[in-house]
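**Q** This is the structure I want to talk about, given as structure tokens.
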Amino acid sequence: MNKINYQEIEGSSSGFIALLGILGIFVLAGLGATYYMEHNGHYVTGMNNQIVWGLPHVFAVFLIVAASGALNVASIGTVFGKTLYKPLGRLSSLLAIALLAGGLAVLLLDLGRPDRLIVAMTYYNFKSIFAWNIILYSGFFGITIVYVWMMMEKRMNKYYRPAGMAAFIWRLILTTGTGSIFGFLVARSAYDAAIMAPMFIIMSFSFGLAIFLLVLMLGYNWTNRPLGDAIIYRLKNLLGVFVAAVMYFVLVFHLTNLYETEHHGVERFILAGNTIHTTLFWVVQIIIGSIVPLIILYSKLGRSRMWVGMASLFIIIGGIAQMYVIIIGGQAYPLNIFPGMEVLSSSFGDAAAYHAYSPSLAETVLGVSGIAIALLIVVLGVRVLKFMPDSLADKDVDPHQKA
Amino acid sequence: MSKPGSETSKISRRKFLGTGITVAGMSVAPGVSLINVAEARPLDQPVSSKQRWGILVDANKCSKGCTSCVDACFTENGLNRGDEQHSRPGQKAQWIRKIDLRDKSTGHEVSLPLFCQHCEHPPCTDVCPTGASFKRKDGLVLVDKHICIGCRYCMMACPYKARSFIHEELTHQFEYAPRGKGTVEGCTLCVHRVDQGRNPACVDACNAAGHKAMYFGDLKDSNSEVSKQLKMHSSKAIRADLELNPGIRYRGI
């Protein structure tokens, strides 16, 4: 096994400039959408007093969850000492920081008063999971940046293991916090479940690794750097395990609800309703986002990088659908304010069978721009700093291969 | 003692507070008990947990189709002053709403007003990241519009869906009921009136309409009408299973 040599990407090709340009346009469009929404107020969105969190939250929470998962590759190398993963640690950390930044940007820009960020930073209600998350997210940036620095700076190399351990523990707490945003909501039938926190952790493993695999394969392809099969195979097999694990958690979550009579209504709404949520759940989340990728990853197709890439893309799409069903679907099902009673009429939507939501262009653009922000940070990061090994060929990374 | 500011509800806040403090200040003398009012707290003293404001809604007396309480609330707090022109119906603020219900098994129908239940353990204040959602010592659950960042987490957490988000710029506001684009708001139990020793607007409107379905008062004062009524007949808290101990109770549901 050779010594790993990290190198910035050249970044002078027209392809690189075009990529920057495209991502830049999406980011600018997101900022424009924010200006439009904040200038006018949220009436220009599809959100209302029933669906209070819309598409921006779907993308934001997806990205934040994926961020902590993207760091897993680094953790496997550092915390669990797997040699094969060690050269990927820097890129994994960069991706984690980038995804978190993209998610947080969207979350922040969708606030009713984003100009009051300083208030959010200075007034804390320590019983609020949101307040914990502000600390957890800031801490994640800090710890991960220190971790990357210790990996990059030779003099600090000896400390990077404890830093990696801290980052790993922090990310588990962070995703617990994200899942608990929903898990601790007592009033809503679709949430209020302790399983939300561990489910979000396993979702982060899956989404984060899928994004990492795509970024890794595209990055090495576009820069013409060698990327051996050893890493791809290891990662795609691991990805399959994570996808199956997410399915297991989803199964347990719904089985528990199906057993409890009080949750039958919301389960019927999500699993057997006639709204977009049922379609998104079965077709996009379960079939396209879980079953198809599992078949690809563990069949002969899994030997093809193109198919591994497709599987990763499907997992990402399925993950966004899953977030949509959790966040929007959970609000679309009406609150059961009067158990045992039927609401005959109300001016506030209490009598509705479900609350409809059609996202506007502005909020959709804002949500998608979160992905662009994350990717832009990655592209600029690998351009200016030594995040990517110049070769990930089997002979360079696989400890079982002879040099 | 006179009740400062009770002459008119349109008196400015500064003048109102000034008058309150002056009047209260004049009445302070050594050995003289400052105040002995059963209802309102003197304005120069902090809110105290010796009181807890609450309402008993008698759904048996609440008339289906009557919206006096809703109309009064909207007028009192400036929700119907022609703002929210752009907001769709589902986006407009509603601090109080009338709901008609039917018992699924017995078919019994009732009508009732639903608004912030001013819980003893409000989920909205638990989840609020900045502490903008807060509970006053006398049990009123309010929003500090100056530190609300508009995250809407309280709206996700409230079991009664008692809060509204402001989706556009507002102009015609009352000083005593500040509202603003991008922040969340809900029933204040007419805190400005309660502090003057008056009933919330909805309660007065219900009485004026002749229904007398709402009793307002201090739940900790055993002599208050609301306490007596609560003691006399059974009543229920909505979603009592959540153990939030709301300050609003209902009879006949």
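Letters for chains follow the order of the structure tokens (A, B, ...), residue numbers begin at 1 for each chain, and ligand numbers begin at 1 in the order shown.
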Hey, what's within 9 Å of range 114-123 of chain B if we count only C-alpha atoms and toss same-chain stuff fewer than 5 positions away? As a ChimeraX atom specification, please?
**A** /A:185-187 /B:53-55,94-99,128,134-135,139-142,154,157-163,186-189,237-238,243-249
**Q** With only C-alpha atoms considered, list every residue of chain A at most 7 Å from chain B, as a CSV table (one decimal) with C-alpha atoms, in the first residue's frame.
**A**
```
chain,number,residue,atom,x,y,z
A,40,ASN,CA,-43.8,39.7,0.6
A,41,GLY,CA,-44.3,37.3,3.5
A,42,HIS,CA,-45.1,33.7,3.5
A,43,TYR,CA,-48.4,34.2,1.7
A,48,ASN,CA,-50.5,28.1,5.7
A,49,ASN,CA,-51.6,27.8,9.3
A,52,VAL,CA,-46.6,25.4,8.7
A,111,LEU,CA,-37.8,31.5,9.0
A,112,GLY,CA,-40.5,34.2,9.4
A,113,ARG,CA,-37.8,36.5,10.6
A,114,PRO,CA,-34.4,35.3,9.3
A,116,ARG,CA,-33.4,37.8,13.8
A,119,VAL,CA,-31.8,36.6,18.5
A,120,ALA,CA,-31.7,32.9,17.9
A,123,TYR,CA,-31.8,33.9,23.5
A,124,TYR,CA,-31.9,30.3,24.5
A,125,ASN,CA,-34.7,28.3,25.9
A,127,LYS,CA,-36.0,23.0,27.1
A,128,SER,CA,-36.4,23.5,23.3
A,129,ILE,CA,-34.9,20.9,21.0
A,130,PHE,CA,-34.5,23.6,18.5
A,131,ALA,CA,-32.3,25.5,20.9
A,185,LEU,CA,-44.2,16.4,19.5
A,187,ALA,CA,-49.8,16.4,20.0
A,337,ILE,CA,-58.2,17.6,19.1
A,338,PHE,CA,-61.5,15.9,20.1
A,340,GLY,CA,-64.2,10.3,19.8
A,341,MET,CA,-65.8,13.2,18.2
A,342,GLU,CA,-66.5,14.1,14.6
A,343,VAL,CA,-65.9,17.7,13.7
A,344,LEU,CA,-68.9,19.0,11.7
A,345,SER,CA,-67.7,22.4,11.0
A,346,SER,CA,-64.8,24.8,11.7
A,347,SER,CA,-63.3,27.9,10.1
A,348,PHE,CA,-59.8,26.6,10.8
```
**Q** Write out as a list in words the residues lying within 10 Å of Pro87 in chain A, counting only C-alpha atoms and excluding same-chain residues fewer than 5 positions away.
**A** Lys3, Ile4, Asn5, Tyr6, Val73, Ala74, Gly77, Ser92, Met151, Phe387, Met388, Pro389, Ser391, Leu392, Asp396 and Val397 of chain A
**Q** Compare A:Ile211, A:Leu385, A:Val44, A:Ala332 by their minimum atom-to-atom distance to Asp350 in chain A, counting only C-alpha atoms, and give me the closest one.
**A**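 Nearest candidate to Asp350 in chain A out of A:Ile211, A:Leu385, A:Val44, A:Ala332: A:Ala332.
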**Q** Considering only C-alpha atoms, return as a list in words whatever protein or nucleic-acid residues lie within 10 Å of Arg161 in chain A, sequence-local ones (same chain, fewer than 5 positions apart) excluded.
**A**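 Neighbouring residues, sequence-local ones excluded: Ser75, Gly77, Thr78, Val79, Phe80, Gly81, Tyr147, Met150, Met151, Ala166 and Ala167 of chain A.
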**Q** Go through range 229-323 of chain A and collect every residue that DSSP, computed from the backbone, puts in alpha helix (DSSP H); the answer should be as a PyMOL selection string.
**A** chain A and resi 229-259+264-272+276-279+292-298+305-323
**Q** Which neighbours of His277 in chain A fall inside 6 Å, counting only C-alpha atoms, when residues of the same chain fewer than 6 positions from it are skipped, and could you give them as a list in words?
**A** Ile270, Val325 and Gly329 of chain A
**Q** Ranking B:Asn60, B:Ser234, B:Asn80, B:Ser224 by minimum distance to His211 in chain B and counting only C-alpha atoms, which one comes first?
**A** B:Asn60
**Q** List the neighbours of Ser235 in chain B out to 8 Å using only C-alpha atoms; skip same-chain residues closer than 2 positions along the sequence, and give me the result as a ChimeraX atom specification.
**A** /B:230,233,237,249-252
**Q** Looking at A:Val61, A:Ile276, A:Leu375, A:Ala105, which one is nearest to Ala356 in chain A, with distances taken over only C-alpha atoms?
**A**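 Smallest separation from Ala356 in chain A among the options: A:Ile276.
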**Q** For Leu136 in chain A, work out the shell of residues within 12 Å, counting only C-alpha atoms and skipping chain neighbours fewer than 2 positions away, then give it as a PyMOL selection string.
**A** chain A and resi 64+68+100+104+129-134+138-144+167+169-178
**Q** Which of range 95-179 of chain B end up as strand (DSSP E or B) when DSSP is run on this backbone - answer as a ChimeraX atom specification?
**A** /B:96-103,109-115,119,133-135,141-143,163-165
**Q** Considering only C-alpha atoms, state which residue in the set B:Val47, B:Phe216, B:Cys66, B:Met232 is at the smallest distance from Ala201 in chain B.
**A** B:Phe216
**Q** CA of Leu56 in chain B to CA of Tyr215 in chain B: how many Å, to one decimal?
**A**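 The value is 5.0 Å.
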